[in-house]
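**Student:** Got a structure here, written out as structure tokens. Questions coming.
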Amino acid sequence: MSNETSSSTNSIETSLTRTIKLILFAIPLGPSLLCSLHIMICIARKHKLRHRTNHVMICIIIVDFIELTYDLAAITMPYLKTGRIYNLSLCLYWVTGNYALQGISAWLMAWASIDRYLLIFYHRLLSTFTRCDLPLIIIHGFVVLWYVIVTITHPCTENWFDETRFLCGGPCFNINSIIATTDWILLVLIPAMIIIIVNLLLLVRILVQKLWLRSSFKNRRLQWRKTANLLIQLLGITIVFLITQVPLAILCLVQIFLVPDFLIDVSHIWLYYMPYFIYITTPFAYIVTTKECRTRTFRQQQHRIYPIHR
């Protein structure tokens, strides 16, 4: 998003549109943060949730929590309330952090899809550091290094950032259309395509397996239950991602290759804020699909009757 494009959208952004977005974010933000803290407590208390196969989900929860606190609650919501960022010196940190955390989150979702596919159909693979943790390190390192490079090679001019625009008008490297398009392809399009393709392949293969298991042995039916649990957990999180990211990805494709101004006002005022809903709803989806983290386990502990020693 270049400054030239942002100038046209600034005039149609009104206090009403900002207030609507502020309300939409403010209502579920508190419960979402509480859910994230509840999940972290569950992970700390239950050894099963700290298994290597669950590390990618832990990373997703932590990254989303950082995005909600660092970006949405601390900077974006005050901006929506006042119509300007309270300190112009925060612009570089705001836009870089926003882009980096979104890129990490998108690639973590993509790897979670691949990882769950391997767990379901190649469950005999050992849960080693190379298979489970090394991809997470590569994802974080790649995204951070990418934004360090593009930030250093394209330093901001003195008047680039505008305190009245979302993300202060966007990153400085957007002045270079090649780098901006490459950034979008690497950090938005490719992970979204991986998520769609892998999950469709996963669903088709599981449906075929389910039909085959009808005439199979009972122990294979037990394996199906485990497969269903992994699938439900994955789909509960990735569906939220796809609902919010796929429309934006399709719109960006149309704008890049067909009509540059297609729904430009809608994208800048509404769609560019959609990723925040991913971070808000992901903790709820994780709790619903993870029985170890449901609150009833804590209620059971509270109402447990202990024997009286005489």
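As shown in the structure tokens, the chain order sets the letters A, B, ...; within each chain, residues go from 1, and ligands are also counted from 1 in the order they appear.
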Taking the DSSP secondary structure from the backbone, can you list the residues of stretch 59-244 of chain A that are helix (DSSP H, G or I), as a count of residues only?

**Tutor:** 155

**Student:** Show me a table, sorted first by chain and then by increasing residue number, of the residues of stretch 1-79 of chain A having an atom at most 9 Å from stretch 281-297 of chain A, each with its shortest atom pair and the distance in Å to one decimal, counting only C-alpha atoms and written as JSON lines.

**Tutor:**
{"residue": "A:Pro28", "atom": "CA", "partner": "A:Thr281", "partner_atom": "CA", "distance": 8.4}
{"residue": "A:Pro31", "atom": "CA", "partner": "A:Phe284", "partner_atom": "CA", "distance": 8.9}
{"residue": "A:Ser32", "atom": "CA", "partner": "A:Pro283", "partner_atom": "CA", "distance": 6.3}
{"residue": "A:Leu33", "atom": "CA", "partner": "A:Pro283", "partner_atom": "CA", "distance": 8.1}
{"residue": "A:Leu34", "atom": "CA", "partner": "A:Pro283", "partner_atom": "CA", "distance": 9.0}
{"residue": "A:Cys35", "atom": "CA", "partner": "A:Pro283", "partner_atom": "CA", "distance": 5.8}
{"residue": "A:Ser36", "atom": "CA", "partner": "A:Pro283", "partner_atom": "CA", "distance": 5.5}
{"residue": "A:His38", "atom": "CA", "partner": "A:Cys293", "partner_atom": "CA", "distance": 7.6}
{"residue": "A:Ile39", "atom": "CA", "partner": "A:Cys293", "partner_atom": "CA", "distance": 6.3}
{"residue": "A:Ile41", "atom": "CA", "partner": "A:Cys293", "partner_atom": "CA", "distance": 8.9}
{"residue": "A:Cys42", "atom": "CA", "partner": "A:Cys293", "partner_atom": "CA", "distance": 5.8}
{"residue": "A:Ile43", "atom": "CA", "partner": "A:Cys293", "partner_atom": "CA", "distance": 8.2}
{"residue": "A:Lys46", "atom": "CA", "partner": "A:Glu292", "partner_atom": "CA", "distance": 7.9}
{"residue": "A:Lys48", "atom": "CA", "partner": "A:Glu292", "partner_atom": "CA", "distance": 8.8}
{"residue": "A:Leu49", "atom": "CA", "partner": "A:Glu292", "partner_atom": "CA", "distance": 8.0}
{"residue": "A:Met57", "atom": "CA", "partner": "A:Tyr286", "partner_atom": "CA", "distance": 8.6}
{"residue": "A:Ile60", "atom": "CA", "partner": "A:Thr282", "partner_atom": "CA", "distance": 8.6}
{"residue": "A:Ile61", "atom": "CA", "partner": "A:Pro283", "partner_atom": "CA", "distance": 6.7}
{"residue": "A:Asp64", "atom": "CA", "partner": "A:Thr282", "partner_atom": "CA", "distance": 7.8}
{"residue": "A:Phe65", "atom": "CA", "partner": "A:Pro283", "partner_atom": "CA", "distance": 8.8}

**Student:** Name the closest residue to A:Gly170 among the candidates A:Gln209, A:Thr96, A:Thr238, A:Asn199; distances are taken between atoms, counting only C-alpha atoms.

**Tutor:**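 Under the stated criterion, the closest residue is A:Thr96.
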
**Student:** Determine, counting only C-alpha atoms, which protein, DNA and RNA residues have an atom within 10 Å of an atom of A:Tyr276; residues of the same chain fewer than 6 positions away are not included. Present the result as a PyMOL selection string.

**Tutor:** chain A and resi 25+29+64+67-68+71-72+102+244

**Student:** Please identify all polymer residues within 12 Å of A:Ile239, counting only C-alpha atoms, omitting same-chain residues fewer than 2 positions from it, and present them as a PyMOL selection string.

**Tutor:** chain A and resi 109-110+113+192+195-196+199-200+231-237+241-246+277-278+281-282+285-286

**Student:** For the residues in the current selection, export N, CA, C and O atoms as an mmCIF file, in the first residue's frame.

**Tutor:**
data_model
loop_
_atom_site.group_PDB
_atom_site.id
_atom_site.type_symbol
_atom_site.label_atom_id
_atom_site.label_comp_id
_atom_site.auth_asym_id
_atom_site.auth_seq_id
_atom_site.Cartn_x
_atom_site.Cartn_y
_atom_site.Cartn_z
ATOM 1 N N MET A 109 0.308 -21.439 10.219
ATOM 2 C CA MET A 109 -0.921 -22.121 9.825
ATOM 3 C C MET A 109 -0.652 -23.106 8.697
ATOM 4 O O MET A 109 -1.175 -24.237 8.683
ATOM 5 N N ALA A 110 0.175 -22.685 7.727
ATOM 6 C CA ALA A 110 0.504 -23.566 6.612
ATOM 7 C C ALA A 110 1.262 -24.801 7.099
ATOM 8 O O ALA A 110 0.962 -25.931 6.691
ATOM 9 N N SER A 113 -0.960 -27.297 8.882
ATOM 10 C CA SER A 113 -1.710 -28.150 7.958
ATOM 11 C C SER A 113 -0.847 -29.310 7.481
ATOM 12 O O SER A 113 -1.302 -30.467 7.449
ATOM 13 N N ALA A 192 -1.413 -19.232 2.056
ATOM 14 C CA ALA A 192 -2.850 -19.445 1.877
ATOM 15 C C ALA A 192 -3.119 -20.606 0.919
ATOM 16 O O ALA A 192 -4.002 -21.442 1.161
ATOM 17 N N ILE A 195 -2.368 -23.920 2.658
ATOM 18 C CA ILE A 195 -3.444 -24.273 3.584
ATOM 19 C C ILE A 195 -4.646 -24.849 2.836
ATOM 20 O O ILE A 195 -5.207 -25.880 3.230
ATOM 21 N N ILE A 196 -5.043 -24.209 1.746
ATOM 22 C CA ILE A 196 -6.197 -24.678 0.977
ATOM 23 C C ILE A 196 -5.928 -26.056 0.385
ATOM 24 O O ILE A 196 -6.734 -26.991 0.527
ATOM 25 N N ASN A 199 -5.395 -28.949 3.127
ATOM 26 C CA ASN A 199 -6.623 -29.293 3.839
ATOM 27 C C ASN A 199 -7.643 -29.975 2.937
ATOM 28 O O ASN A 199 -8.353 -30.879 3.385
ATOM 29 N N LEU A 200 -7.724 -29.562 1.674
ATOM 30 C CA LEU A 200 -8.605 -30.265 0.738
ATOM 31 C C LEU A 200 -8.124 -31.693 0.517
ATOM 32 O O LEU A 200 -8.928 -32.641 0.525
ATOM 33 N N LEU A 231 -8.017 -33.866 12.983
ATOM 34 C CA LEU A 231 -8.636 -33.124 11.888
ATOM 35 C C LEU A 231 -9.514 -32.000 12.421
ATOM 36 O O LEU A 231 -9.482 -30.874 11.903
ATOM 37 N N ILE A 232 -10.306 -32.278 13.456
ATOM 38 C CA ILE A 232 -11.193 -31.256 14.015
ATOM 39 C C ILE A 232 -10.390 -30.097 14.570
ATOM 40 O O ILE A 232 -10.735 -28.922 14.376
ATOM 41 N N GLN A 233 -9.285 -30.392 15.279
ATOM 42 C CA GLN A 233 -8.460 -29.324 15.829
ATOM 43 C C GLN A 233 -7.866 -28.459 14.726
ATOM 44 O O GLN A 233 -7.850 -27.234 14.815
ATOM 45 N N LEU A 234 -7.374 -29.104 13.663
ATOM 46 C CA LEU A 234 -6.781 -28.354 12.560
ATOM 47 C C LEU A 234 -7.815 -27.495 11.856
ATOM 48 O O LEU A 234 -7.597 -26.298 11.625
ATOM 49 N N LEU A 235 -8.963 -28.084 11.507
ATOM 50 C CA LEU A 235 -9.981 -27.338 10.773
ATOM 51 C C LEU A 235 -10.572 -26.216 11.604
ATOM 52 O O LEU A 235 -10.916 -25.153 11.072
ATOM 53 N N GLY A 236 -10.663 -26.413 12.908
ATOM 54 C CA GLY A 236 -11.203 -25.363 13.766
ATOM 55 C C GLY A 236 -10.391 -24.090 13.711
ATOM 56 O O GLY A 236 -10.930 -22.982 13.852
ATOM 57 N N ILE A 237 -9.077 -24.224 13.490
ATOM 58 C CA ILE A 237 -8.201 -23.057 13.439
ATOM 59 C C ILE A 237 -8.031 -22.543 12.010
ATOM 60 O O ILE A 237 -8.080 -21.341 11.755
ATOM 61 N N PHE A 241 -8.858 -18.839 9.579
ATOM 62 C CA PHE A 241 -7.845 -18.187 8.751
ATOM 63 C C PHE A 241 -8.328 -18.038 7.313
ATOM 64 O O PHE A 241 -8.204 -16.966 6.711
ATOM 65 N N LEU A 242 -8.909 -19.096 6.749
ATOM 66 C CA LEU A 242 -9.324 -19.069 5.356
ATOM 67 C C LEU A 242 -10.481 -18.105 5.124
ATOM 68 O O LEU A 242 -10.523 -17.405 4.111
ATOM 69 N N ILE A 243 -11.424 -18.042 6.066
ATOM 70 C CA ILE A 243 -12.574 -17.151 5.901
ATOM 71 C C ILE A 243 -12.140 -15.697 5.800
ATOM 72 O O ILE A 243 -12.709 -14.904 5.049
ATOM 73 N N THR A 244 -11.102 -15.341 6.545
ATOM 74 C CA THR A 244 -10.661 -13.952 6.561
ATOM 75 C C THR A 244 -9.601 -13.642 5.511
ATOM 76 O O THR A 244 -9.577 -12.543 4.954
ATOM 77 N N GLN A 245 -8.732 -14.612 5.196
ATOM 78 C CA GLN A 245 -7.610 -14.334 4.321
ATOM 79 C C GLN A 245 -7.888 -14.594 2.849
ATOM 80 O O GLN A 245 -7.359 -13.885 1.989
ATOM 81 N N VAL A 246 -8.682 -15.601 2.540
ATOM 82 C CA VAL A 246 -8.920 -15.937 1.133
ATOM 83 C C VAL A 246 -9.590 -14.796 0.368
ATOM 84 O O VAL A 246 -9.163 -14.456 -0.740
ATOM 85 N N PHE A 277 -9.277 -10.476 13.122
ATOM 86 C CA PHE A 277 -10.293 -11.432 13.550
ATOM 87 C C PHE A 277 -9.728 -12.845 13.649
ATOM 88 O O PHE A 277 -10.251 -13.672 14.391
ATOM 89 N N ILE A 278 -8.667 -13.131 12.878
ATOM 90 C CA ILE A 278 -8.008 -14.430 13.003
ATOM 91 C C ILE A 278 -7.445 -14.586 14.398
ATOM 92 O O ILE A 278 -7.655 -15.599 15.081
ATOM 93 N N THR A 281 -10.261 -14.884 17.178
ATOM 94 C CA THR A 281 -11.073 -16.092 17.220
ATOM 95 C C THR A 281 -10.265 -17.377 17.377
ATOM 96 O O THR A 281 -10.826 -18.401 17.801
ATOM 97 N N THR A 282 -8.982 -17.361 17.060
ATOM 98 C CA THR A 282 -8.167 -18.584 17.153
ATOM 99 C C THR A 282 -8.177 -19.202 18.550
ATOM 100 O O THR A 282 -8.317 -20.428 18.681
ATOM 101 N N ALA A 285 -11.371 -21.151 18.986
ATOM 102 C CA ALA A 285 -11.377 -22.365 18.175
ATOM 103 C C ALA A 285 -10.497 -23.436 18.796
ATOM 104 O O ALA A 285 -10.841 -24.628 18.778
ATOM 105 N N TYR A 286 -9.367 -23.036 19.378
ATOM 106 C CA TYR A 286 -8.458 -24.007 19.986
ATOM 107 C C TYR A 286 -9.095 -24.656 21.215
ATOM 108 O O TYR A 286 -9.016 -25.870 21.399
#

**Student:** Set the distance at 12 Å and use only C-alpha atoms: which residues neighbour A:Tyr147 once local chain neighbours fewer than 3 positions away are removed? I'd like the list as a ChimeraX atom specification.

**Tutor:** /A:92-93,95-104,140-144,150-155,171-173,179-180,182-183,186-187

**Student:** Tell me which of A:Ala112, A:Gly30, A:Met274, A:Cys252 sits closest to A:Trp184, counting only C-alpha atoms.

**Tutor:** A:Cys252

**Student:** State, in Å with one decimal place, the distance from atom CA of A:Ile138 to atom CA of A:Val63.

**Tutor:**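 Those two atoms sit 15.1 Å apart.
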
**Student:** Can you tell me how far atom CA of A:Leu167 sits from atom CA of A:Trp94, in Å to one decimal?

**Tutor:** 6.4 Å

**Student:** With distances taken over only C-alpha atoms, which residue among A:Leu37, A:Leu108, A:Val204, A:Val56 lies nearest A:Pro191?

**Tutor:** A:Leu108

**Student:** Got a sec: who's within 8 Å of stretch 81-84 of chain A, counting only C-alpha atoms, leaving out chain neighbours fewer than 2 positions off, as an MDAnalysis selection string?

**Tutor:** chainID A and resid 15 18:19 22 77:79 86 163:165

**Student:** Mind dumping the selected residues with N, CA and C atoms as a PDB file, in the first residue's frame?

**Tutor:**
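Listed below is the output, result_35.pdb:
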ATOM      1  N   SER A  15     -15.049   8.918  10.980  1.00  0.00           N
ATOM      2  CA  SER A  15     -15.124   8.555  12.399  1.00  0.00           C
ATOM      3  C   SER A  15     -16.113   7.421  12.624  1.00  0.00           C
ATOM      4  N   ARG A  18     -14.393   4.113  11.705  1.00  0.00           N
ATOM      5  CA  ARG A  18     -13.417   3.789  12.748  1.00  0.00           C
ATOM      6  C   ARG A  18     -14.130   3.312  14.019  1.00  0.00           C
ATOM      7  N   THR A  19     -15.243   3.953  14.367  1.00  0.00           N
ATOM      8  CA  THR A  19     -15.983   3.561  15.567  1.00  0.00           C
ATOM      9  C   THR A  19     -16.554   2.156  15.428  1.00  0.00           C
ATOM     10  N   LEU A  22     -13.755  -0.223  15.893  1.00  0.00           N
ATOM     11  CA  LEU A  22     -13.335  -0.207  17.293  1.00  0.00           C
ATOM     12  C   LEU A  22     -14.265  -1.063  18.146  1.00  0.00           C
ATOM     13  N   MET A  77      -6.187   0.043  18.202  1.00  0.00           N
ATOM     14  CA  MET A  77      -7.427   0.528  18.800  1.00  0.00           C
ATOM     15  C   MET A  77      -7.344   1.990  19.236  1.00  0.00           C
ATOM     16  N   PRO A  78      -6.242   2.452  19.844  1.00  0.00           N
ATOM     17  CA  PRO A  78      -6.120   3.901  20.085  1.00  0.00           C
ATOM     18  C   PRO A  78      -6.170   4.714  18.799  1.00  0.00           C
ATOM     19  N   TYR A  79      -5.579   4.169  17.715  1.00  0.00           N
ATOM     20  CA  TYR A  79      -5.648   4.859  16.424  1.00  0.00           C
ATOM     21  C   TYR A  79      -7.097   4.962  15.948  1.00  0.00           C
ATOM     22  N   TYR A  86      -0.692   8.040  18.243  1.00  0.00           N
ATOM     23  CA  TYR A  86      -0.335   8.998  19.287  1.00  0.00           C
ATOM     24  C   TYR A  86       1.141   9.371  19.282  1.00  0.00           C
ATOM     25  N   GLU A 163       0.574  10.017  10.291  1.00  0.00           N
ATOM     26  CA  GLU A 163      -0.041   9.594  11.559  1.00  0.00           C
ATOM     27  C   GLU A 163      -1.546   9.412  11.458  1.00  0.00           C
ATOM     28  N   THR A 164      -2.187   9.868  10.374  1.00  0.00           N
ATOM     29  CA  THR A 164      -3.641   9.762  10.243  1.00  0.00           C
ATOM     30  C   THR A 164      -4.076   8.528   9.454  1.00  0.00           C
ATOM     31  N   ARG A 165      -3.134   7.678   9.030  1.00  0.00           N
ATOM     32  CA  ARG A 165      -3.476   6.514   8.206  1.00  0.00           C
ATOM     33  C   ARG A 165      -3.168   5.212   8.936  1.00  0.00           C
TER      34      ARG A 165
END

**Student:** Nearest residue to A:Trp160 out of A:Thr130, A:Asn174, A:Gln255, A:Thr53, using only C-alpha atoms?

**Tutor:** A:Asn174

**Student:** Between A:Ile27, A:Ile12, A:Leu136, A:Cys168, which is the closest to A:Leu88 once you count only C-alpha atoms?

**Tutor:**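 Ranking A:Ile27, A:Ile12, A:Leu136, A:Cys168 by distance to A:Leu88, first place goes to A:Cys168.
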
**Student:** Please compute the atom CA of A:Ile75-atom CA of A:Glu158 distance, one decimal, in Å.

**Tutor:**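 Interatomic distance here is 21.1 Å.
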